[in-house]
Amino acid sequence: MGLGMPRRLKKHWGIESVELRGGELIRASMAAGQGIMIAPNHCRPCDPLLLSALSKEIGCAPYIMASAHLFRSPVLRWLLPRVGAFSMNREGMDRESLKTATGILTAAKRPLVIFPEGVITRTNDRVVHLQEGISFLARSAAKARGDAGKVVIHPLAIRYRFMGDWQASVRPVVESLEKRFGWKISQGSILERVSRLGYGLLGLKEVEYFGVVQEGTVEQRLGRFMDRVLSPMEQAYLAGRSEESVVMRVKNLRKALLPALVAGELSQEEREQRWKMLFDLEVAQQAYHFPPDYIAQDPTPERIIETVERYEEALGNRRPTIHRPMRVIMTVGEAIEVESKRERGVADPLMGDLRRKLLDLLTP
């Protein structure tokens, strides 16, 4: 069904309309008395605000687990609780928030929304690493419910469509970025210029962290850059322990760096060093979300817009240029039943199933 957009989403994010598909699947799970987790992909900052459309469709406002840092904004601190959001400290084991989330699933009165990627990806049709804590939380609730009923996870694919002239929308941003690099206005197609900006931005960061521009493919250079940023910190604060996923590497390092900083246990010099390391972690995570084949493989208008938005963010613009009009298609997937136990020593089948179904729903 089609739903109109609140004025704020239209003004600040360029979203003109949203279509929700499959809402009846969640209503059926609610009617069966199941504990319901809704798991969307998370490609844009405004994703949580889109859930007002879901609320209208299912007849109630779901609870939303949101990262604690979002509540630092005065506007979001006022707005998020009014759409059912509660805070979760993403840097550590926030036991109170986990207890709240488990209680919501166990009580089975209203659905709970958790974004399993844990970060904003700016990849409209891909899914990055899913947080394993989602599985732990869902299985804990399934165990607590026992014979009272099932706990299920509904994937929710959020897909954005740009409905205007993407070249006319992107061109002024590309020209502005080229001027920031000190370049003359480039010749060539917009796509070629966007690709060139990516090489320029990567080279700029390599000179900052390595001293010289690196050789190799973009994928090799990105991997080398992330290791350059993360490995020394892992040696110093995690005894060299590392994870396969960059998202998890960043998360573990933030967990190691933040407690002493928050507790005020450091000298001024140490505080400045920690803040610099946290900034470096943000840079590494941004680099991770620059998939080297994203616009080379399938340069859709949405992928090109997302790439330019990432460039703006990497250069310090917290509010990238708004591209309008956007249309959003939200698609609910079939329920995935959660077992209270899992086999140890193997990849979690629950998270693998969720990832596959999200990708299927995002595929046109």
# chains A, B, ... in the order shown; residues from 1 in each chain; ligands from 1
>>> select_by_dssp(residues="stretch 63-277 of chain A", states="helix (DSSP H, G or I)", output="PyMOL selection string")
chain A and resi 68-72+74-83+95-107+133-148+166-180+190-210+218-237+246-263+268-277
>>> write_last_selection(atoms="C-alpha atoms", output="compact mmCIF listing (two decimals), in the first residue's frame")
# COMPACT_ATOMS: atom_id res chain seq x y z
CA ALA A 68 22.90 5.74 22.35
CA HIS A 69 24.88 8.29 20.32
CA LEU A 70 21.70 9.27 18.43
CA PHE A 71 20.21 10.61 21.65
CA ARG A 72 22.94 13.27 21.84
CA PRO A 74 18.44 17.50 20.91
CA VAL A 75 16.00 16.90 18.05
CA LEU A 76 16.43 13.11 18.04
CA ARG A 77 16.46 13.00 21.85
CA TRP A 78 12.95 14.48 21.70
CA LEU A 79 11.77 12.57 18.62
CA LEU A 80 13.08 9.03 19.08
CA PRO A 81 11.21 8.13 22.29
CA ARG A 82 8.01 9.33 20.62
CA VAL A 83 8.42 6.70 17.89
CA ARG A 95 22.76 -5.05 30.23
CA GLU A 96 19.78 -2.82 30.98
CA SER A 97 18.97 -2.36 27.29
CA LEU A 98 19.41 -6.09 26.61
CA LYS A 99 17.09 -6.85 29.50
CA THR A 100 14.54 -4.38 28.10
CA ALA A 101 14.76 -5.87 24.61
CA THR A 102 14.45 -9.45 25.86
CA GLY A 103 11.46 -8.43 27.97
CA ILE A 104 9.73 -6.88 24.95
CA LEU A 105 10.12 -10.07 22.91
CA THR A 106 9.07 -12.26 25.81
CA ALA A 107 5.94 -10.21 26.56
CA GLY A 133 24.27 -10.19 19.60
CA ILE A 134 20.97 -10.17 17.70
CA SER A 135 20.94 -13.97 17.71
CA PHE A 136 21.81 -14.12 21.42
CA LEU A 137 18.99 -11.73 22.29
CA ALA A 138 16.41 -13.56 20.17
CA ARG A 139 17.38 -16.99 21.52
CA SER A 140 17.30 -15.70 25.11
CA ALA A 141 13.73 -14.49 24.55
CA ALA A 142 12.75 -17.81 22.92
CA LYS A 143 14.11 -19.64 25.95
CA ALA A 144 12.28 -17.31 28.34
CA ARG A 145 8.98 -17.77 26.50
CA GLY A 146 9.19 -21.54 26.63
CA ASP A 147 5.76 -23.02 25.95
CA ALA A 148 4.09 -19.59 25.93
CA TRP A 166 20.20 12.01 -11.04
CA GLN A 167 22.84 13.72 -13.18
CA ALA A 168 21.31 17.16 -12.60
CA SER A 169 21.18 16.40 -8.86
CA VAL A 170 24.70 15.00 -8.54
CA ARG A 171 26.58 17.38 -10.87
CA PRO A 172 26.69 20.44 -8.50
CA VAL A 173 27.99 18.24 -5.67
CA VAL A 174 30.68 16.73 -7.89
CA GLU A 175 31.76 20.20 -9.02
CA SER A 176 31.93 21.39 -5.40
CA LEU A 177 34.05 18.39 -4.36
CA GLU A 178 36.41 18.87 -7.32
CA LYS A 179 36.94 22.48 -6.25
CA ARG A 180 37.72 21.33 -2.70
CA ILE A 190 29.45 12.32 -14.25
CA LEU A 191 30.17 8.65 -13.53
CA GLU A 192 33.82 9.04 -14.59
CA ARG A 193 34.16 12.14 -12.43
CA VAL A 194 32.61 10.39 -9.41
CA SER A 195 35.06 7.51 -9.85
CA ARG A 196 37.97 9.94 -10.14
CA LEU A 197 36.91 11.65 -6.90
CA GLY A 198 37.05 8.27 -5.17
CA TYR A 199 40.64 7.75 -6.27
CA GLY A 200 41.47 11.28 -5.16
CA LEU A 201 39.92 10.81 -1.72
CA LEU A 202 41.67 7.46 -1.19
CA GLY A 203 45.00 8.95 -2.25
CA LEU A 204 44.46 11.87 0.12
CA LYS A 205 43.92 9.50 3.05
CA GLU A 206 46.90 7.34 2.05
CA VAL A 207 49.20 10.36 2.07
CA GLU A 208 47.82 11.30 5.51
CA TYR A 209 48.37 7.83 7.03
CA PHE A 210 51.22 6.34 4.93
CA VAL A 218 41.47 -0.27 -5.00
CA GLU A 219 40.48 -3.33 -2.98
CA GLN A 220 44.10 -4.02 -2.01
CA ARG A 221 44.68 -0.38 -1.11
CA LEU A 222 41.55 -0.20 1.03
CA GLY A 223 42.52 -3.39 2.88
CA ARG A 224 46.03 -2.09 3.47
CA PHE A 225 44.68 1.25 4.68
CA MET A 226 42.31 -0.34 7.20
CA ASP A 227 45.08 -2.57 8.55
CA ARG A 228 47.35 0.47 8.85
CA VAL A 229 44.75 2.17 11.05
CA LEU A 230 43.48 -0.79 13.06
CA SER A 231 46.38 -3.20 13.59
CA PRO A 232 48.55 -0.96 15.83
CA MET A 233 45.57 -0.30 18.10
CA GLU A 234 44.73 -4.01 18.23
CA GLN A 235 48.32 -4.75 19.26
CA ALA A 236 48.23 -2.07 21.96
CA TYR A 237 44.74 -2.61 23.40
CA VAL A 246 36.08 -4.48 9.97
CA VAL A 247 32.83 -3.51 11.71
CA MET A 248 33.61 -5.91 14.57
CA ARG A 249 37.25 -4.79 14.70
CA VAL A 250 36.13 -1.19 15.10
CA LYS A 251 33.51 -2.14 17.67
CA ASN A 252 36.01 -4.10 19.81
CA LEU A 253 38.51 -1.26 19.72
CA ARG A 254 35.89 1.31 20.71
CA LYS A 255 34.95 -0.92 23.64
CA ALA A 256 38.60 -0.99 24.68
CA LEU A 257 39.23 2.74 24.27
CA LEU A 258 36.10 4.35 25.65
CA PRO A 259 35.73 3.22 29.30
CA ALA A 260 38.80 5.05 30.64
CA LEU A 261 37.94 8.08 28.53
CA VAL A 262 34.39 8.24 29.86
CA ALA A 263 35.53 7.61 33.45
CA GLN A 268 44.94 15.53 29.03
CA GLU A 269 47.58 14.13 26.68
CA GLU A 270 46.12 10.62 26.94
CA ARG A 271 42.60 11.97 26.35
CA GLU A 272 43.74 13.71 23.19
CA GLN A 273 45.40 10.49 22.01
CA ARG A 274 42.21 8.49 22.63
CA TRP A 275 40.08 11.02 20.76
CA LYS A 276 42.50 10.85 17.83
CA MET A 277 42.26 7.04 17.81
>>> residues_around(residues="A:Thr363", least_positions_apart="6", cutoff="12 Å", atoms="only C-alpha atoms", output="list in words")
Asn124, Asp125, Arg126, Val127, Ala157, Ile158, Arg159, Ile329, Thr331, Arg356 and Lys357 of chain A
>>> atom_distance(atom1="atom CA of A:Ser29", atom2="atom CA of A:Val119")
27.3 Å
>>> atom_distance(atom1="atom CA of A:Asp298", atom2="atom CA of A:Pro364")
12.8 Å
>>> closest_residue(among="A:Gly33, A:Phe290, A:Phe115, A:Leu238", to="A:Leu51", atoms="only C-alpha atoms")
A:Phe115
